[in-house]
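Written out below as structure tokens is the structure these notes cover.
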Amino acid sequence: MQIVCEENLDKRLLELYKQLRSEHGNLRWWPADSPFEVALGAILTQATAWRNVEKAIDNLKAADAFTPEQIHAISQDELEKLLHPSGYFRMKAKKVRAFVEHIIERPMAVMFKLDVPDLRKELLSIYGVGPETADSIILYAAEKPSFVVDTYTYRLFSRLGWVAGNFHYERLRALFMDNLPHDVNLFNEYHALIVRHGARVCKKTPNCESCFLQSQCDFFQVGSG
DNA sequence: AGCCAGGACTGAG
DNA sequence: CTCAGTCATGGC
């Protein structure tokens with residue numbers, strides 16, 4: 001993956017943000033009641049629709065298995081059963097267990113005292129926590145500025161012609177980290193807007209009409225700014 | 001009926 | 001390092 005449009009990226013990113021805001025409003029993410037619930041949701045939503053994640057989280061709450069210690073105490077079979085609706089339930093049971101075992105040793109509140117680079121390294125060392133999950137936990141649970149990108153971000157930016165080639169998480173994240181102020185509220189809202197908008201970005205057709213950014217704002221087209 | 005959703009890990013080349 | 005294969009349910 002290469003960055004096609006290097007010029008004025010800071011201005012372009014802020015203008016895109018304003019466009020998304022005007023289209024979708026102020027979202028204020030993440031749907032969870034605690035940092036631990038954010039982290040669980042981040043793991044469970046890997047390649048999975050959020051509505052299925054909600055079922056699994058409801059199961060955990062209903063089974064009174066919603067603290068790290070409670071989850072650690074139940075059997076693997078039971079954990080798999082509770083996580084079943086979220087899909088990949090065997091994999092996710094392993095991942096959730098690895099995560100709770102880690103934070104029983106090092107509570108999230110302790111980890112969250114680290115700066116973003118060190119916190120990110122520690123989260124990435126946990127089985128089942130990849131770059132997007134780590135950044136989601138840092139941004140939405142620790143409330144520190146680490147930009148979250150995903151396949152929606154890549155798809156949108158490909159349509160805009162700002163990037164080309166295959167999706168590369170770290171390079172796409174660096175595009176935001178290097179060209180935006182490190183503001184938690186900005187990062188929070190920006191990623192939320194991209195995900196909300198993502199449903200309108202056609203997967204296969206390069207000039208999908210449902211992607212308003214293609215048709216309504218010449219500024220976003222490479223070469224016009 | 002198929003397609004796909006807010007990815008990550010593994011093994012092979 | 002790059003990449004295909006794997007993991008799995010539920011809504012549209």
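Labels for the structure tokens follow display order: chains A, B, ..., residues from 1 in each chain, ligands from 1.
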*Do a neighbour search on stretch 186-190 of chain A at 12 Å with only C-alpha atoms (C1' of nucleotides), toss out local chain neighbours closer than 5 positions, and write the hits as a ChimeraX atom specification.*
/A:13-21,24-31,135-149,153,173,176-177,179-181,195-197
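Counting only C-alpha atoms (C1' of nucleotides), every residue of chain C that comes within 10 Å of chain A is listed here: DC7, DA8, DT9, DG10 and DG11 of chain C.
Going from atom CA of A:Thr151 over to atom CA of A:Phe167, you cover 7.6 Å.
Distances here use only C-alpha atoms (C1' of nucleotides); by that measure, the residue among A:Glu101, A:Asp10, A:Glu78, A:Asp150 closest to chain B is A:Asp150.
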*For chain A, list the residues within 9 Å of chain B, counting only C-alpha atoms (C1' of nucleotides), and write the list as a PyMOL selection string.*
chain A and resi 42-43+45-50+127-133+150-152+192+195
Those same residues, written as an mmCIF file, in the first residue's frame with C-alpha atoms?
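Below is the file again-v5.cif, written as the result:
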data_model
loop_
_atom_site.group_PDB
_atom_site.id
_atom_site.type_symbol
_atom_site.label_atom_id
_atom_site.label_comp_id
_atom_site.auth_asym_id
_atom_site.auth_seq_id
_atom_site.Cartn_x
_atom_site.Cartn_y
_atom_site.Cartn_z
ATOM 1 C CA ALA A 42 -12.943 -5.029 20.595
ATOM 2 C CA ILE A 43 -11.890 -8.681 20.647
ATOM 3 C CA THR A 45 -16.052 -7.766 16.982
ATOM 4 C CA GLN A 46 -13.073 -8.996 14.970
ATOM 5 C CA ALA A 47 -14.513 -9.680 11.496
ATOM 6 C CA THR A 48 -17.944 -9.870 13.081
ATOM 7 C CA ALA A 49 -21.116 -7.793 12.961
ATOM 8 C CA TRP A 50 -21.644 -5.806 16.153
ATOM 9 C CA TYR A 127 -2.665 -13.463 22.134
ATOM 10 C CA GLY A 128 -5.592 -12.356 19.995
ATOM 11 C CA VAL A 129 -4.845 -8.655 20.231
ATOM 12 C CA GLY A 130 -3.726 -7.348 16.857
ATOM 13 C CA PRO A 131 -3.186 -3.738 15.778
ATOM 14 C CA GLU A 132 -6.821 -2.700 15.382
ATOM 15 C CA THR A 133 -7.900 -4.289 18.640
ATOM 16 C CA ASP A 150 -9.855 -0.757 9.606
ATOM 17 C CA THR A 151 -10.993 -2.175 6.295
ATOM 18 C CA TYR A 152 -13.619 0.587 6.033
ATOM 19 C CA ALA A 192 -16.635 6.192 14.541
ATOM 20 C CA VAL A 195 -17.289 2.971 10.425
#
*In Å, with one decimal, what is the gap from atom CA of A:Asn59 to atom CA of A:Ser125?*
27.6 Å
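Atom pair atom CA of A:Ile3 / atom CA of A:Val163: separated by 4.5 Å.
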*DSSP says alpha helix (DSSP H) for which residues of stretch 11-83 of chain A? Put them as a VMD selection string?*
chain A and resid 11 to 24 35 to 44 50 to 62 68 to 73 76 to 83
For the residues in the current selection, export C-alpha atoms as a tab-separated table (two decimals), in the first residue's frame.
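Dumped everything to part12.tsv:
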chain	number	residue	atom	x	y	z
A	11	LYS	CA	-6.01	19.79	5.50
A	12	ARG	CA	-7.58	16.99	3.54
A	13	LEU	CA	-8.00	14.83	6.62
A	14	LEU	CA	-9.69	17.64	8.53
A	15	GLU	CA	-11.93	18.49	5.58
A	16	LEU	CA	-12.95	14.85	5.25
A	17	TYR	CA	-13.70	14.82	8.97
A	18	LYS	CA	-15.94	17.87	8.61
A	19	GLN	CA	-17.76	16.25	5.69
A	20	LEU	CA	-18.39	13.07	7.64
A	21	ARG	CA	-19.57	15.08	10.64
A	22	SER	CA	-22.02	17.04	8.54
A	23	GLU	CA	-23.30	13.80	7.04
A	24	HIS	CA	-23.60	11.64	10.15
A	35	PRO	CA	-12.94	-0.07	29.87
A	36	PHE	CA	-13.12	-3.85	30.28
A	37	GLU	CA	-16.31	-4.02	28.24
A	38	VAL	CA	-14.62	-1.94	25.54
A	39	ALA	CA	-11.77	-4.43	25.39
A	40	LEU	CA	-14.09	-7.44	25.29
A	41	GLY	CA	-16.12	-5.85	22.52
A	42	ALA	CA	-12.94	-5.03	20.60
A	43	ILE	CA	-11.89	-8.68	20.65
A	44	LEU	CA	-15.34	-10.07	19.92
A	50	TRP	CA	-21.64	-5.81	16.15
A	51	ARG	CA	-25.17	-7.13	16.65
A	52	ASN	CA	-23.68	-10.60	17.16
A	53	VAL	CA	-21.17	-9.22	19.63
A	54	GLU	CA	-24.01	-7.74	21.66
A	55	LYS	CA	-25.61	-11.14	22.02
A	56	ALA	CA	-22.39	-12.61	23.37
A	57	ILE	CA	-21.88	-9.72	25.79
A	58	ASP	CA	-25.48	-10.09	26.96
A	59	ASN	CA	-24.81	-13.79	27.54
A	60	LEU	CA	-21.79	-13.00	29.69
A	61	LYS	CA	-23.75	-10.49	31.75
A	62	ALA	CA	-26.70	-12.84	32.14
A	68	PRO	CA	-11.93	-10.72	34.52
A	69	GLU	CA	-12.02	-12.95	37.60
A	70	GLN	CA	-15.47	-14.38	36.83
A	71	ILE	CA	-14.53	-15.13	33.24
A	72	HIS	CA	-11.28	-16.70	34.37
A	73	ALA	CA	-13.21	-18.94	36.75
A	76	GLN	CA	-13.56	-23.21	28.43
A	77	ASP	CA	-16.67	-25.09	27.27
A	78	GLU	CA	-18.89	-22.68	29.17
A	79	LEU	CA	-17.04	-19.66	27.82
A	80	GLU	CA	-17.37	-20.97	24.26
A	81	LYS	CA	-21.08	-21.49	24.79
A	82	LEU	CA	-21.57	-17.93	26.02
A	83	LEU	CA	-19.53	-16.47	23.15
